Structures are given as C-alpha cells and as structure tokens.
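Below is work-v7.txt, which holds compact mmCIF, C-alpha atoms.
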# COMPACT_ATOMS: atom_id res chain seq x y z
CA VAL A 1306 7.59 -8.98 12.22
CA ALA A 1307 8.97 -12.50 11.99
CA ARG A 1308 8.97 -14.13 8.56
CA ALA A 1309 6.32 -16.80 8.08
CA ALA A 1310 7.46 -20.36 7.51
CA ALA A 1311 8.18 -21.22 3.89
CA GLY A 1312 5.31 -22.63 1.90
CA PRO A 1313 1.61 -21.81 1.81
CA ALA A 1314 0.40 -19.91 4.85
CA ARG A 1315 -2.69 -21.53 6.37
CA ARG A 1316 -4.57 -20.03 9.27
CA PRO A 1317 -6.13 -22.94 11.17
CA ARG A 1318 -9.84 -22.24 11.35
CA ARG A 1319 -12.88 -24.35 12.07
CA PRO A 1320 -15.92 -23.63 9.89
CA ALA A 1321 -17.82 -22.20 12.86
CA ASP A 1322 -15.02 -19.81 13.88
CA PRO A 1323 -15.54 -16.10 13.20
CA VAL A 1324 -13.34 -14.47 10.58
CA ARG A 1325 -10.84 -12.32 12.46
CA LEU A 1326 -10.02 -9.11 10.59
CA GLY A 1327 -7.29 -6.76 11.72
CA GLY A 1328 -6.38 -3.13 11.16
CA VAL A 1329 -3.05 -1.41 11.80
CA GLY A 1330 -2.51 2.34 11.60
CA ALA A 1331 -3.19 5.76 13.04
CA LEU A 1332 -6.75 6.82 13.83
CA VAL A 1333 -6.81 9.56 11.22
CA ALA A 1334 -9.48 10.29 8.63
CA TRP A 1335 -7.51 9.32 5.52
CA LYS A 1336 -6.99 5.78 6.82
CA ARG A 1337 -10.76 5.26 6.30
CA TRP A 1338 -11.52 3.14 9.36
CA ASP A 1339 -15.00 4.63 9.04
CA LEU A 1340 -15.31 2.69 5.78
CA VAL A 1341 -14.70 -0.56 7.68
CA LEU A 1342 -17.45 0.34 10.16
CA ALA A 1343 -19.86 1.13 7.33
CA ALA A 1344 -19.05 -2.16 5.59
CA LEU A 1345 -19.52 -4.21 8.76
CA ALA A 1346 -22.79 -2.46 9.58
CA SER A 1347 -24.16 -3.22 6.11
CA LEU A 1348 -23.57 -6.98 6.36
CA PRO A 1349 -26.61 -9.20 6.91
CA ALA A 1350 -26.89 -9.96 10.62
CA PRO A 1351 -25.99 -13.69 10.30
CA VAL A 1352 -22.82 -12.77 8.38
CA ARG A 1353 -21.90 -9.89 10.68
CA ALA A 1354 -22.15 -12.21 13.69
CA ARG A 1355 -19.33 -14.29 12.20
CA VAL A 1356 -16.85 -11.40 11.89
CA ARG A 1357 -14.52 -9.73 14.38
CA PHE A 1358 -12.44 -6.60 13.72
CA ASP A 1359 -9.54 -5.59 15.96
CA GLN A 1360 -7.59 -2.41 15.28
CA ILE A 1361 -4.33 -1.14 16.77
CA GLY A 1362 -3.27 2.47 16.50
CA ALA A 1363 -3.68 5.87 18.13
CA PRO A 1364 -4.80 9.27 16.88
CA ALA A 1365 -2.15 11.70 15.69
CA ASN A 1366 -1.16 14.50 18.05
CA ASP A 1367 -3.75 17.04 16.92
CA ALA A 1368 -7.31 17.96 17.80
CA ALA A 1369 -8.79 16.80 14.48
CA SER A 1370 -7.35 13.30 14.89
CA ARG A 1371 -8.49 13.03 18.49
CA HIS A 1372 -11.99 14.10 17.45
CA HIS A 1373 -11.94 11.53 14.63
CA ALA A 1374 -10.89 8.75 17.00
CA ALA A 1375 -13.72 9.64 19.37
CA GLU A 1376 -16.18 9.66 16.46
CA LEU A 1377 -15.03 6.18 15.37
CA ARG A 1378 -15.78 4.84 18.83
CA ARG A 1379 -19.13 6.64 18.88
CA GLN A 1380 -20.06 5.19 15.49
CA THR A 1381 -19.05 1.74 16.68
CA THR A 1382 -21.72 1.98 19.37
CA LEU A 1383 -24.35 3.72 17.24
CA ARG A 1384 -24.04 1.12 14.48
CA GLY A 1385 -24.40 -1.76 16.93
CA LEU A 1386 -20.86 -3.01 16.35
CA ALA A 1387 -19.50 -2.90 19.91
CA ASP A 1388 -19.62 -6.69 20.19
CA ILE A 1389 -17.48 -7.28 17.11
CA VAL A 1390 -15.18 -4.22 16.87
CA THR A 1391 -12.32 -3.53 19.29
CA TRP A 1392 -10.12 -0.43 19.24
CA ARG A 1393 -7.03 -1.59 21.10
CA GLY A 1394 -5.09 1.67 20.95
CA GLU A 1395 -1.39 2.12 20.38
CA GLN A 1396 0.72 -1.04 20.59
CA PRO A 1397 4.51 -1.50 20.53
CA SER A 1398 4.32 -4.03 17.71
CA ALA A 1399 1.85 -5.36 15.14
CA GLU A 1400 3.17 -8.89 15.53
CA PRO A 1401 0.79 -10.08 18.29
CA LEU A 1402 -2.23 -8.90 16.32
CA LEU A 1403 -0.98 -10.53 13.13
CA ARG A 1404 -0.70 -13.84 14.99
CA GLU A 1405 -4.41 -13.60 15.88
CA VAL A 1406 -6.08 -12.45 12.68
CA ASP A 1407 -7.08 -14.27 9.53
CA CYS A 1408 -6.78 -11.21 7.32
CA LEU A 1409 -5.60 -7.58 7.48
CA VAL A 1410 -7.73 -4.74 6.10
CA VAL A 1411 -6.05 -1.74 4.42
CA ALA A 1412 -8.99 0.57 3.78
CA SER A 1413 -7.36 3.83 2.69
CA ARG A 1414 -7.18 4.95 -0.93
CA HIS A 1415 -3.84 6.79 -0.63
CA GLU A 1416 -1.24 4.15 0.30
CA PRO A 1417 1.94 4.49 -1.80
CA LEU A 1418 3.38 1.40 -0.06
CA SER A 1419 1.64 0.31 3.14
CA VAL A 1420 4.05 -0.84 5.85
CA ALA A 1421 1.18 -2.68 7.57
CA LEU A 1422 0.50 -4.57 4.33
CA LEU A 1423 4.18 -5.53 4.03
CA GLU A 1424 4.25 -6.71 7.64
CA ALA A 1425 1.10 -8.78 7.18
CA LEU A 1426 2.45 -10.57 4.12
CA ARG A 1427 5.75 -11.18 5.88
CA ALA A 1428 3.78 -12.83 8.70
CA GLY A 1429 1.85 -14.96 6.20
CA VAL A 1430 -1.41 -13.03 6.63
CA PRO A 1431 -3.47 -12.19 3.52
CA VAL A 1432 -4.79 -8.68 3.00
CA VAL A 1433 -8.04 -7.05 1.88
CA ALA A 1434 -7.08 -3.70 0.36
CA SER A 1435 -8.34 -0.84 -1.72
CA ARG A 1436 -7.45 -1.33 -5.40
CA SER A 1437 -5.15 1.67 -5.47
CA GLY A 1438 -1.57 2.82 -5.01
CA GLY A 1439 1.14 0.40 -3.98
CA ASN A 1440 -1.45 -2.22 -2.96
CA CYS A 1441 -1.69 -3.18 -6.63
CA ASP A 1442 2.05 -3.92 -6.74
CA LEU A 1443 1.93 -6.24 -3.73
CA LEU A 1444 -1.29 -8.22 -3.94
CA THR A 1445 -2.44 -10.87 -6.37
CA GLU A 1446 -6.22 -11.23 -6.27
CA GLY A 1447 -7.29 -14.51 -4.69
CA ARG A 1448 -3.78 -15.70 -3.86
CA ASN A 1449 -2.39 -13.42 -1.16
CA GLY A 1450 -5.28 -10.99 -0.86
CA TRP A 1451 -8.39 -9.42 -2.29
CA PHE A 1452 -9.28 -5.98 -3.63
CA PHE A 1453 -12.31 -3.76 -3.18
CA ALA A 1454 -13.17 -0.57 -5.05
CA PRO A 1455 -11.62 2.51 -3.38
CA ASP A 1456 -13.88 4.32 -0.90
CA ASP A 1457 -16.69 1.81 -1.55
CA ALA A 1458 -18.10 0.38 1.69
CA ALA A 1459 -20.55 -1.86 -0.18
CA ASP A 1460 -17.74 -3.48 -2.15
CA LEU A 1461 -15.67 -3.96 1.00
CA ALA A 1462 -18.70 -5.62 2.59
CA ARG A 1463 -18.96 -7.89 -0.46
CA VAL A 1464 -15.37 -9.06 0.02
CA ILE A 1465 -15.83 -9.61 3.76
CA ALA A 1466 -18.98 -11.65 3.15
CA ARG A 1467 -17.08 -13.74 0.62
CA LEU A 1468 -14.43 -14.55 3.23
CA VAL A 1469 -17.10 -15.49 5.78
CA GLU A 1470 -19.30 -17.59 3.51
CA GLY A 1471 -16.77 -19.14 1.13
CA ASP A 1472 -13.47 -21.00 1.23
CA ALA A 1473 -11.22 -18.14 0.06
CA LEU A 1474 -9.23 -18.07 3.30
CA ALA A 1475 -8.59 -21.80 3.11
CA ARG A 1476 -7.15 -21.43 -0.40
CA VAL A 1477 -4.93 -18.42 0.27
CA GLU A 1478 -1.17 -18.66 -0.28
CA VAL A 1479 1.23 -15.99 0.90
CA ARG A 1480 4.69 -16.66 -0.52
CA PRO A 1481 8.00 -15.32 0.86
CA ALA A 1482 8.89 -14.44 -2.75
CA ASP A 1483 6.06 -11.86 -2.73
CA LEU A 1484 8.27 -9.57 -0.66
CA ALA A 1485 11.72 -10.41 -2.01
CA ARG A 1486 12.09 -7.28 -4.12
CA PHE A 1487 11.03 -5.04 -1.22
CA GLU A 1488 13.67 -6.26 1.25
CA ALA A 1489 16.67 -4.10 2.18
CA GLY A 1490 19.23 -5.80 -0.06
CA PRO A 1491 17.32 -5.67 -3.36
CA VAL A 1492 16.09 -2.13 -2.65
CA ALA A 1493 19.65 -0.94 -1.93
CA GLU A 1494 20.89 -2.59 -5.14
CA GLU A 1495 18.19 -0.90 -7.18
CA TRP A 1496 19.02 2.51 -5.73
CA ALA A 1497 22.71 1.87 -6.47
CA ARG A 1498 21.84 1.14 -10.12
CA ILE A 1499 19.77 4.34 -10.32
CA TYR A 1500 22.60 6.47 -8.91
CA GLN A 1501 25.12 4.82 -11.25
CA ARG A 1502 22.94 5.70 -14.23
CA LEU A 1503 22.57 9.28 -13.00
CA LEU A 1504 26.31 9.64 -12.44
CA GLY A 1505 27.03 8.18 -15.87
CA SER A 1506 24.59 10.58 -17.49
CA ALA A 1507 26.09 13.54 -15.62
CA ALA A 1508 29.60 12.53 -16.75
CA GLU A 1509 28.50 12.36 -20.38
CA HIS A 1510 27.12 15.90 -20.24
CA ARG A 1511 29.99 17.42 -18.26
CA PRO A 1512 31.66 20.29 -20.20
Could I get this file's structure written as structure tokens?
Amino acid sequence: VARAAAGPARRPRRPADPVRLGGVGALVAWKRWDLVLAALASLPAPVRARVRFDQIGAPANDAASRHHAAELRRQTTLRGLADIVTWRGEQPSAEPLLREVDCLVVASRHEPLSVALLEALRAGVPVVASRSGGNCDLLTEGRNGWFFAPDDAADLARVIARLVEGDALARVEVRPADLARFEAGPVAEEWARIYQRLLGSAAEHRP
C-alpha cells in the first residue's frame, strides 16, 4: 500500500455522499463480519441508506469457512442489505479498495496487530475498530479512528451513525508518524536490542 501524502488525510466528500466503509480479511467466523451486518441492519432506515460496505476476502480452505461465507451472503439478503453491502471476494491487493473508502472496519475482537489496519493508516484511511488487542496501540480515538465495544453490534452501529450524521470524517487526521515505530527499520532495531540484552544476560550467567 502506497504511503499517503504527508499532512492530514482528507477524503473529499460532499454532504450528500454515502459513507463508504470497507472490510479486508478472510471470510471466517472470528473476523466478525456478521457483527457488521447486524450493526448495519439496526441503523434507522434514513441512516442506513447513507452507508455502503464493501468487503474483500475469501473463505479459508475448509468446509466451516465456506459455510460461514455462504451464511454471510444469505444474511445480507435476509436483512435487506443487498443494496448497500458488497462481498467482492479475494483481491490481489487492498490498495484499490482503500482508495475508494472513507473508513475501514476491523470488527474482530482478537487482533494482535491487524495488517489491514496498518495498511489503512498507511493509505491515510481512518479505522473503526474493536477496543481490543493491538488496535489500542495504533488508534487514537477521534483522530485516526474510532472504537466500539468488542462484540457489540449496537455500539458499532452507534459509531457508524456518528460518521454518517456528524463531521467526524471531516476532522480526521491520519499522520505518517502513527506508523513509524511499526516499519521494518525500527522493528529490526528493537529486536536487535532485545537479542543484545538476552546475549548479555546469558554471558553474565555463563559458568
């Protein structure tokens, strides 16, 4: 994913434009795409009409994942979301989607360090994420993203409605410095320091 231009990232949007949400990841149960469907379905109709959700990703290579992916599509129809939700399937890169969306959604509770979240911030795209795991190390509420309570569709719906009805997206600022400590150079330097400490400790205790 190409780095966003330096300075505040602004997604040009007219007030009447729908809020474009994106999702990136496998169609497996723990990713909680079902939570996104539940949140969208619970929005008041006038708010829901101003939202779009596009997801890229494929099921894992097992029967349970394929069944889950089919159920997500079935629920999309049953909940009356076919006009606003698109399952695009596996894609070679997240970059085209990130150029289209206003915000990425990371719905799962168990994300030690979401690659999709890192890619979104690198592209200058803010993120709505579960307040859990590595998400809390990467996002600053109201500046480069927003949190919702883990596994809580109603709270996710609250955040989505806020983006639709308020000016939060216009005020967002995703800074290149947000990712500086997660890039290859700083990470390699930190690992080198850890190994040096371990080697020093081992030498001290060597008989």
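Distances to Leu1377 of chain A were evaluated for A:Val1333, A:Val1432, A:Ala1365, A:Val1324 using only C-alpha atoms, and the minimum falls at A:Val1333.
Note that atom CA of Pro1481 of chain A and atom CA of Val1341 of chain A are 27.9 Å apart.
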Show which residues sit within 10 Å of Gly1450 of chain A, as a ChimeraX atom specification. Count only C-alpha atoms, and ignore same-chain residues fewer than 6 positions away.
/A:1408-1410,1426,1430-1434,1440,1443-1444,1473-1474,1477-1479
Non-local contacts of His1372 of chain A (10 Å; all atoms listed in the file; under 4 positions in same chain excluded) as a compact mmCIF listing (two decimals) with C-alpha atoms, keeping the file's coordinate frame:
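Final output, part28.txt:
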# COMPACT_ATOMS: atom_id res chain seq x y z
CA LEU A 1332 -6.75 6.82 13.83
CA VAL A 1333 -6.81 9.56 11.22
CA ALA A 1334 -9.48 10.29 8.63
CA PRO A 1364 -4.80 9.27 16.88
CA ASP A 1367 -3.75 17.04 16.92
CA ALA A 1368 -7.31 17.96 17.80
CA GLU A 1376 -16.18 9.66 16.46
CA LEU A 1377 -15.03 6.18 15.37
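Comparing A:Arg1486, A:Val1306, A:Pro1491, A:Trp1496 by their smallest distance to Ala1399 of chain A, the closest is A:Val1306 (using only C-alpha atoms).
Distances from A:Leu1504, A:Leu1423, A:Ile1499, A:Leu1342 to Val1390 of chain A were compared using all atoms listed in the file, and the smallest one belongs to A:Leu1342.
Distance annotation: of A:Leu1348, A:Ile1465, A:Leu1418, A:Cys1441, the residue with the minimal separation from Gly1385 of chain A is A:Leu1348; atom set is all atoms listed in the file.
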Which residues come within 10 Å of Leu1403 of chain A, counting only C-alpha atoms, excluding same-chain residues fewer than 6 positions away, as a list of chain:residue names?
A:Val1306, A:Leu1326, A:Gly1327, A:Gly1328, A:Val1329, A:Leu1409, A:Ala1421, A:Glu1424, A:Ala1425, A:Leu1426, A:Arg1427, A:Ala1428, A:Gly1429, A:Val1430
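In this structure, atom CA of Glu1395 of chain A sits 13.2 Å away from atom CA of Arg1371 of chain A.
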